[in-house]
$ cat my_file01.txt   # compact mmCIF, C-alpha atoms
# COMPACT_ATOMS: atom_id res chain seq x y z
CA MET Q 223 -94.43 109.66 -0.17
CA THR Q 224 -92.39 110.51 -3.14
CA ALA Q 225 -89.26 111.00 -1.12
CA GLU Q 226 -89.48 107.56 0.42
CA LYS Q 227 -89.69 105.94 -3.01
CA LYS Q 228 -86.65 107.87 -4.10
CA ASP Q 229 -84.74 106.59 -1.02
CA GLU Q 230 -85.82 103.04 -1.72
CA ALA Q 231 -84.75 103.03 -5.40
CA PRO Q 232 -81.00 102.92 -4.84
CA GLY Q 233 -81.37 100.03 -2.44
CA GLY Q 234 -83.38 98.02 -4.90
CA ALA Q 235 -80.86 98.55 -7.65
CA GLU Q 236 -78.06 97.35 -5.44
CA GLN Q 237 -79.95 94.23 -4.63
CA THR Q 238 -80.64 93.66 -8.28
CA ARG Q 239 -76.94 94.10 -9.12
CA GLN Q 240 -75.87 91.72 -6.37
CA ALA Q 241 -78.40 89.15 -7.48
CA SER Q 242 -77.09 89.42 -11.02
CA GLN Q 243 -73.50 88.94 -9.86
CA GLU Q 244 -74.54 85.98 -7.74
CA ALA Q 245 -76.23 84.41 -10.74
CA THR Q 246 -73.13 84.96 -12.84
CA ARG Q 247 -70.94 83.31 -10.20
CA ARG Q 248 -73.26 80.38 -10.04
CA GLY Q 249 -73.11 80.12 -13.80
CA PHE Q 250 -69.29 80.10 -13.76
CA LEU Q 251 -69.30 77.49 -11.01
CA LYS Q 252 -71.63 75.29 -12.99
CA VAL Q 253 -69.48 75.63 -16.10
CA GLY Q 254 -66.30 74.92 -14.13
CA LEU Q 255 -67.90 71.95 -12.47
CA ALA Q 256 -69.06 70.62 -15.81
CA VAL Q 257 -65.59 71.09 -17.30
CA GLY Q 258 -64.00 69.31 -14.31
CA VAL Q 259 -66.39 66.38 -14.60
CA VAL Q 260 -65.64 66.12 -18.31
CA ALA Q 261 -61.90 66.24 -17.62
CA VAL Q 262 -62.20 63.55 -14.96
CA PHE Q 263 -64.13 61.25 -17.27
CA ALA Q 264 -61.70 61.95 -20.09
CA GLY Q 265 -58.77 61.02 -17.83
CA ILE Q 266 -60.48 57.82 -16.74
CA ALA Q 267 -61.16 56.91 -20.36
CA ALA Q 268 -57.53 57.59 -21.32
CA VAL Q 269 -56.24 55.43 -18.48
CA THR Q 270 -58.62 52.68 -19.45
CA ARG Q 271 -57.47 52.80 -23.10
CA SER Q 272 -53.82 52.71 -22.06
CA LEU Q 273 -54.47 49.62 -19.96
CA ILE Q 274 -56.36 47.87 -22.70
CA SER Q 275 -53.96 48.72 -25.55
CA PRO Q 276 -50.61 50.50 -25.22
CA PRO Q 277 -50.55 53.94 -26.80
CA ASN Q 278 -47.57 53.08 -28.95
CA PRO Q 279 -47.71 49.36 -29.70
CA PRO Q 280 -44.42 47.99 -31.09
CA GLN Q 281 -44.41 47.58 -34.79
CA ALA Q 282 -44.32 43.97 -35.91
CA GLN Q 283 -41.23 43.24 -38.01
CA ALA Q 284 -41.14 40.75 -40.81
CA VAL Q 285 -38.96 37.77 -39.98
CA GLN Q 286 -37.07 36.08 -42.79
CA PRO Q 287 -36.95 32.30 -42.43
CA PRO Q 288 -33.36 30.97 -42.39
CA THR Q 289 -32.04 29.82 -45.74
CA ALA Q 290 -31.26 26.15 -45.83
CA PRO Q 291 -27.55 25.55 -46.54
CA GLN Q 292 -26.76 24.22 -49.96
CA THR Q 293 -25.11 20.84 -49.79
CA SER Q 294 -23.69 18.70 -52.52
CA THR Q 295 -23.47 15.02 -51.79
CA ALA Q 296 -21.78 12.51 -54.04
CA THR Q 297 -23.03 9.02 -53.47
CA GLU Q 298 -20.85 6.02 -53.99
CA THR Q 299 -22.57 2.68 -54.36
CA VAL Q 300 -20.55 -0.40 -53.64
CA THR Q 301 -21.86 -3.78 -54.61
CA GLU Q 302 -20.37 -6.79 -52.90
CA THR Q 303 -21.24 -10.39 -53.62
CA VAL Q 304 -20.90 -12.75 -50.69
CA THR Q 305 -21.22 -16.50 -51.12
CA VAL Q 306 -23.55 -17.81 -48.46
CA GLY Q 307 -23.24 -21.47 -49.14
CA SER Q 308 -23.69 -24.25 -51.64
CA VAL Q 309 -26.05 -27.15 -51.86
CA SER Q 310 -25.22 -30.24 -53.89
CA SER Q 311 -27.72 -32.79 -55.06
CA GLY Q 312 -26.64 -35.60 -57.37
CA ASN Q 313 -24.81 -34.05 -60.32
CA GLN Q 314 -26.30 -30.65 -59.72
CA SER Q 315 -24.88 -27.99 -57.47
CA ALA Q 316 -26.35 -24.68 -56.52
CA SER Q 317 -24.65 -21.83 -54.74
CA ALA Q 318 -26.46 -19.07 -52.94
CA SER Q 319 -25.05 -15.61 -53.18
CA GLN Q 320 -26.07 -12.53 -51.36
CA THR Q 321 -25.52 -9.13 -52.91
CA VAL Q 322 -24.97 -6.30 -50.49
CA SER Q 323 -25.21 -2.71 -51.63
CA SER Q 324 -24.05 0.15 -49.50
CA SER Q 325 -24.02 3.88 -50.05
CA SER Q 326 -21.68 6.40 -48.57
CA SER Q 327 -21.68 10.15 -48.98
CA SER Q 328 -18.18 10.48 -50.28
CA THR Q 329 -16.68 11.33 -53.59
CA SER Q 330 -17.01 8.39 -55.89
CA THR Q 331 -13.74 7.39 -57.37
CA SER Q 332 -13.72 4.48 -59.72
CA THR Q 333 -10.39 2.79 -60.44
CA THR Q 334 -10.13 -0.09 -62.87
CA SER Q 335 -6.93 -2.09 -62.74
CA THR Q 336 -6.23 -4.40 -65.61
CA THR Q 337 -3.03 -6.32 -65.97
CA SER Q 338 -2.11 -7.10 -69.53
CA SER Q 339 1.19 -7.81 -71.16
CA PRO Q 340 2.23 -6.36 -74.51
CA PHE Q 341 4.12 -9.59 -75.20
CA PRO Q 342 2.33 -12.38 -77.07
CA LYS Q 343 1.76 -15.79 -75.54
CA VAL Q 344 3.29 -18.36 -77.86
CA MET Q 345 3.58 -22.13 -77.43
CA ILE Q 346 7.18 -23.07 -78.14
CA ALA Q 347 7.48 -26.72 -77.08
CA THR Q 348 5.98 -29.60 -75.13
CA LEU Q 349 7.56 -31.38 -72.19
CA SER Q 350 8.60 -34.31 -74.40
CA ASP Q 351 10.51 -32.00 -76.79
CA VAL Q 352 13.25 -31.02 -74.33
CA SER Q 353 16.12 -32.90 -72.67
CA THR Q 354 19.41 -32.07 -70.99
CA THR Q 355 21.25 -32.60 -74.26
CA THR Q 356 18.72 -31.45 -76.85
CA PRO Q 357 17.74 -27.75 -76.86
CA VAL Q 358 14.77 -26.22 -78.66
CA TYR Q 359 15.32 -23.14 -80.83
CA PHE Q 360 12.57 -20.56 -81.42
CA ASN Q 361 12.09 -16.90 -82.29
CA TYR Q 362 10.57 -14.51 -79.73
CA PRO Q 363 9.21 -11.84 -79.27
CA LEU Q 364 10.13 -10.85 -82.84
CA GLU Q 365 10.63 -13.09 -85.82
CA GLU Q 366 14.16 -11.65 -86.05
CA THR Q 367 15.28 -12.48 -82.49
CA PRO Q 368 16.37 -16.13 -81.88
CA ASN Q 369 16.17 -17.89 -78.50
CA ILE Q 370 17.14 -21.20 -76.96
CA LEU Q 371 15.11 -23.46 -74.61
CA VAL Q 372 16.99 -26.03 -72.51
CA LYS Q 373 16.39 -28.54 -69.71
CA LEU Q 374 19.10 -28.18 -67.08
CA GLY Q 375 18.49 -31.25 -64.90
CA ALA Q 376 18.27 -29.12 -61.73
CA ALA Q 377 15.98 -26.37 -60.58
CA ALA Q 378 17.08 -22.90 -61.71
CA PRO Q 379 15.87 -19.28 -61.45
CA GLY Q 380 12.87 -18.80 -63.74
CA GLY Q 381 12.64 -22.53 -64.41
CA VAL Q 382 9.32 -24.22 -65.22
CA GLY Q 383 8.11 -27.80 -65.62
CA PRO Q 384 7.77 -30.60 -63.07
CA ASP Q 385 11.35 -30.02 -61.85
CA ASN Q 386 11.50 -26.24 -62.42
CA ASP Q 387 14.57 -26.83 -64.59
CA ILE Q 388 13.36 -25.73 -68.04
CA VAL Q 389 14.67 -22.27 -68.97
CA ALA Q 390 14.99 -20.14 -72.09
CA PHE Q 391 17.24 -17.22 -73.09
CA SER Q 392 17.84 -14.83 -75.94
CA GLN Q 393 20.49 -16.40 -78.18
CA VAL Q 394 21.93 -13.04 -79.22
CA CYS Q 395 25.31 -12.40 -77.53
CA GLN Q 396 25.42 -9.20 -75.49
CA HIS Q 397 28.92 -8.43 -76.70
CA LEU Q 398 28.46 -7.63 -80.39
CA GLY Q 399 25.25 -9.46 -81.32
CA CYS Q 400 26.65 -12.78 -82.54
CA ILE Q 401 24.57 -15.95 -82.08
CA TYR Q 402 26.05 -18.20 -79.39
CA GLY Q 403 25.58 -21.98 -79.11
CA PHE Q 404 24.45 -24.33 -76.35
CA VAL Q 405 27.04 -26.48 -74.59
CA PRO Q 406 25.73 -29.16 -72.18
CA THR Q 407 27.58 -30.14 -69.00
CA GLY Q 408 30.91 -31.78 -70.00
CA GLY Q 409 30.49 -30.74 -73.64
CA ALA Q 410 32.71 -28.54 -75.81
CA PRO Q 411 31.93 -25.84 -78.38
CA THR Q 412 32.76 -26.54 -82.02
CA CYS Q 413 35.21 -23.65 -82.05
CA ASP Q 414 37.24 -24.95 -79.06
CA THR Q 415 37.15 -28.71 -78.62
CA SER Q 416 39.66 -28.52 -75.76
CA TYR Q 417 37.15 -26.69 -73.56
CA LYS Q 418 34.92 -28.77 -71.27
CA ALA Q 419 31.84 -27.02 -69.91
CA PRO Q 420 31.40 -27.47 -66.13
CA GLY Q 421 27.67 -26.91 -66.50
CA PRO Q 422 25.04 -26.02 -69.11
CA GLU Q 423 26.39 -22.94 -70.86
CA GLY Q 424 25.96 -20.59 -73.76
CA TYR Q 425 29.26 -20.26 -75.61
CA CYS Q 426 29.88 -17.54 -78.23
CA CYS Q 427 32.57 -18.53 -80.71
CA CYS Q 428 32.91 -14.94 -82.04
CA HIS Q 429 34.90 -13.61 -79.07
CA GLY Q 430 34.65 -16.27 -76.36
CA ALA Q 431 31.79 -14.90 -74.21
CA ILE Q 432 30.40 -17.63 -71.91
CA TYR Q 433 27.01 -17.48 -70.14
CA ASP Q 434 25.82 -19.54 -67.16
CA LEU Q 435 22.37 -20.83 -68.15
CA ALA Q 436 21.81 -22.32 -64.68
CA ASN Q 437 22.25 -18.89 -63.09
CA ALA Q 438 19.92 -16.56 -65.04
CA GLY Q 439 22.36 -16.20 -67.98
CA ALA Q 440 25.11 -14.53 -65.94
CA VAL Q 441 28.45 -13.87 -67.66
CA LEU Q 442 31.08 -16.50 -66.73
CA SER Q 443 33.91 -15.11 -68.85
CA GLY Q 444 34.68 -13.22 -72.01
CA PRO Q 445 33.92 -9.67 -73.15
CA ALA Q 446 30.15 -9.64 -72.72
CA PRO Q 447 29.18 -6.65 -70.51
CA ARG Q 448 25.88 -8.06 -69.20
CA PRO Q 449 23.79 -11.27 -68.96
CA VAL Q 450 21.65 -12.49 -71.80
CA PRO Q 451 17.93 -11.70 -71.37
CA GLN Q 452 15.83 -14.56 -70.00
CA VAL Q 453 12.52 -15.51 -71.60
CA THR Q 454 9.54 -15.64 -69.22
CA LEU Q 455 7.97 -19.09 -69.52
CA GLU Q 456 4.61 -20.56 -68.58
CA PHE Q 457 3.96 -24.28 -68.19
CA ASP Q 458 0.61 -26.04 -68.56
CA SER Q 459 0.80 -29.18 -66.43
CA SER Q 460 -2.40 -30.65 -67.90
CA SER Q 461 -1.11 -30.62 -71.48
CA GLY Q 462 2.65 -30.39 -70.96
CA ASN Q 463 2.79 -27.31 -73.19
CA ILE Q 464 5.46 -24.67 -72.60
CA TYR Q 465 4.70 -21.07 -73.55
CA ALA Q 466 6.79 -17.93 -73.96
CA VAL Q 467 4.91 -15.01 -72.40
CA GLY Q 468 7.49 -12.23 -72.01
CA MET Q 469 11.08 -11.11 -71.72
CA GLY Q 470 13.20 -10.11 -68.74
CA PRO Q 471 15.82 -7.34 -68.65
CA PRO Q 472 18.26 -6.29 -69.93
CA SER Q 473 17.02 -5.60 -73.44
CA ILE Q 474 18.14 -7.78 -76.32
CA PHE Q 475 21.35 -6.60 -77.98
CA GLY Q 476 20.58 -4.00 -80.64
CA HIS Q 477 17.25 -3.04 -79.00
CA ASP Q 478 18.38 -0.03 -76.97
CA THR Q 479 21.16 -2.26 -75.69
CA GLY Q 480 21.49 -2.54 -71.93
CA SER Q 481 18.16 -0.86 -71.12
CA SER Q 482 16.01 -2.31 -68.35
CA ASN Q 483 12.89 -1.42 -70.33
CA VAL Q 484 11.89 -4.75 -71.89
CA LEU Q 485 9.42 -3.02 -74.23
CA ASN Q 486 12.43 -2.17 -76.37
CA ASP Q 487 12.54 -5.87 -77.30
CA LEU Q 488 9.30 -5.36 -79.23
CA GLN Q 489 10.84 -2.68 -81.49
CA GLY Q 490 12.70 -3.08 -84.77
CA GLY Q 491 11.07 -6.15 -86.23
CA THR Q 492 7.94 -8.22 -86.75
CA PRO Q 493 6.24 -9.58 -83.62
CA VAL Q 494 5.62 -13.31 -83.62
CA SER Q 495 2.02 -14.43 -83.69
CA GLY Q 496 0.51 -16.45 -80.88

$ encode --input "my_file01.txt" --output "structure tokens"
Amino acid sequence: MTAEKKDEAPGGAEQTRQASQEATRRGFLKVGLAVGVVAVFAGIAAVTRSLISPPNPPQAQAVQPPTAPQTSTATETVTETVTVGSVSSGNQSASASQTVSSSSSSTSTSTTSTTSSPFPKVMIATLSDVSTTTPVYFNYPLEETPNILVKLGAAAPGGVGPDNDIVAFSQVCQHLGCIYGFVPTGGAPTCDTSYKAPGPEGYCCCHGAIYDLANAGAVLSGPAPRPVPQVTLEFDSSSGNIYAVGMGPPSIFGHDTGSSNVLNDLQGGTPVSG
């Protein structure tokens, strides 16, 4: 009886050991299975997150709005008055005007042009004062510079009046500054009674210079080197008044002699008053 129990003991221990090993293997299998399940669920979760939101979303960058270019605009405003029409009623008249303003984006340049003469405007005679035989003497543009106004009887360069035949010239000879005299057509100078003028002339008795008053004071003969300056005249037909308003070139003798700058005629004396 005792021997049989001893033979059975080793067999029981072996079974116990095998059962223990089997339990251990089952434990490992359970753990491995659990770990695999966890890994599978973790992978599914990761894939799901990657689909919903990328793992590395691009970083948003600040965008600077473009800077508006700086512009400088000069505006020119032009005002134009246009006459639309006029309406008359009895002694009253009314005119309608339309003012148009326009703007342009260009550089505004304002230019003012004024025409003014440095020479005074002086009344020197009336139409009834002059004739083909009677000249008018006057000083212009200075009180020290004498001139002569004559009626030629035929239209001439620079002539004014109804027949454009009234002219005026400086009376200072261009040779040496003597004062010449007027000789009408067919007349003779006091210094040479044998001479008969073929036309209205200026005759200088100092050295015999003769000027053609019907041809802008051109030199006919004698030592004068240039014509006598012509006075610029203005005629008022309503009143018959004749005005001196300027001088033509060359300059009066002794005033930068021979220059084409007529402003020299205003130097060296007292200007006449208008």

$ closest_residue --input "my_file01.txt" --among "Q:Gly375, Q:Gly444, Q:Gly381, Q:Gly462" --to "His429 in chain Q" --atoms "only C-alpha atoms"
Q:Gly444

$ atom_distance --input "my_file01.txt" --atom1 "CA of Ala377 in chain Q" --atom2 "CA of Val467 in chain Q"
19.8 Å

$ closest_residue --input "my_file01.txt" --among "Q:Leu488, Q:Met469, Q:Ala436, Q:Cys428" --to "Val389 in chain Q" --atoms "only C-alpha atoms"
Q:Ala436

$ closest_residue --input "my_file01.txt" --among "Q:Thr355, Q:Asp458, Q:Leu364, Q:Ala446" --to "Gly409 in chain Q" --atoms "only C-alpha atoms"
Q:Thr355

$ closest_atom_pairs --input "my_file01.txt" --of "range 415-459 of chain Q" --to "range 391-403 of chain Q" --cutoff "6 Å" --atoms "only C-alpha atoms" --output "tab-separated table"
residue	atom	partner	partner_atom	distance
Q:Gly424	CA	Q:Gly403	CA	5.5
Q:Tyr425	CA	Q:Gly403	CA	5.4
Q:Cys426	CA	Q:Tyr402	CA	4.1
Q:Ala446	CA	Q:His397	CA	4.3
Q:Pro451	CA	Q:Ser392	CA	5.5
Q:Gln452	CA	Q:Phe391	CA	4.3
Q:Val453	CA	Q:Phe391	CA	5.2

$ write_last_selection --input "my_file01.txt" --atoms "C-alpha atoms" --output "PDB file, in the coordinates of the input"
ATOM      1  CA  GLY Q 424      25.960 -20.590 -73.760  1.00  0.00           C
ATOM      2  CA  TYR Q 425      29.260 -20.260 -75.610  1.00  0.00           C
ATOM      3  CA  CYS Q 426      29.880 -17.540 -78.230  1.00  0.00           C
ATOM      4  CA  ALA Q 446      30.150  -9.640 -72.720  1.00  0.00           C
ATOM      5  CA  PRO Q 451      17.930 -11.700 -71.370  1.00  0.00           C
ATOM      6  CA  GLN Q 452      15.830 -14.560 -70.000  1.00  0.00           C
ATOM      7  CA  VAL Q 453      12.520 -15.510 -71.600  1.00  0.00           C
TER       8      VAL Q 453
END

$ residues_around --input "my_file01.txt" --residues "Leu374 in chain Q" --least-positions-apart "2" --cutoff "10 Å" --atoms "all atoms listed in the file" --output "JSON, numbers by chain"
{"Q": [352, 353, 354, 355, 357, 371, 372, 376, 377, 378, 381, 385, 386, 387, 388, 389, 406, 407, 421, 422, 423, 435, 436]}

$ closest_residue --input "my_file01.txt" --among "Q:Pro384, Q:Gly480, Q:Pro411, Q:Pro493" --to "Glu456 in chain Q" --atoms "only C-alpha atoms"
Q:Pro384

$ residues_around --input "my_file01.txt" --residues "Ser460 in chain Q" --least-positions-apart "3" --cutoff "12 Å" --atoms "only C-alpha atoms" --output "ChimeraX atom specification"
/Q:348-349,383-384,457,463-464

$ write_last_selection --input "my_file01.txt" --atoms "C-alpha atoms" --output "compact mmCIF listing (two decimals), keeping the file's coordinate frame"
# COMPACT_ATOMS: atom_id res chain seq x y z
CA THR Q 348 5.98 -29.60 -75.13
CA LEU Q 349 7.56 -31.38 -72.19
CA GLY Q 383 8.11 -27.80 -65.62
CA PRO Q 384 7.77 -30.60 -63.07
CA PHE Q 457 3.96 -24.28 -68.19
CA ASN Q 463 2.79 -27.31 -73.19
CA ILE Q 464 5.46 -24.67 -72.60

$ axis_aligned_box --input "my_file01.txt" --around "range 403-408 of chain Q" --padding-each-side "5 Å" --output "JSON"
{"center_x": 27.7, "center_y": -26.9, "center_z": -74.1, "size_x": 16.5, "size_y": 19.8, "size_z": 20.1}

$ atom_distance --input "my_file01.txt" --atom1 "CA of Glu365 in chain Q" --atom2 "CA of Gly490 in chain Q"
10.3 Å

$ atom_distance --input "my_file01.txt" --atom1 "CA of Gly430 in chain Q" --atom2 "CA of Tyr417 in chain Q"
11.1 Å

$ closest_residue --input "my_file01.txt" --among "Q:Pro472, Q:Gly491, Q:Gly408, Q:Pro449" --to "Asn437 in chain Q" --atoms "only C-alpha atoms"
Q:Pro449

$ closest_residue --input "my_file01.txt" --among "Q:Val358, Q:Pro471, Q:Tyr465, Q:Glu244" --to "Asn486 in chain Q" --atoms "all atoms listed in the file"
Q:Pro471

$ residues_around --input "my_file01.txt" --residues "Leu442 in chain Q" --least-positions-apart "6" --cutoff "9 Å" --atoms "only C-alpha atoms" --output "number ranges by chain"
Q: 423, 431-434
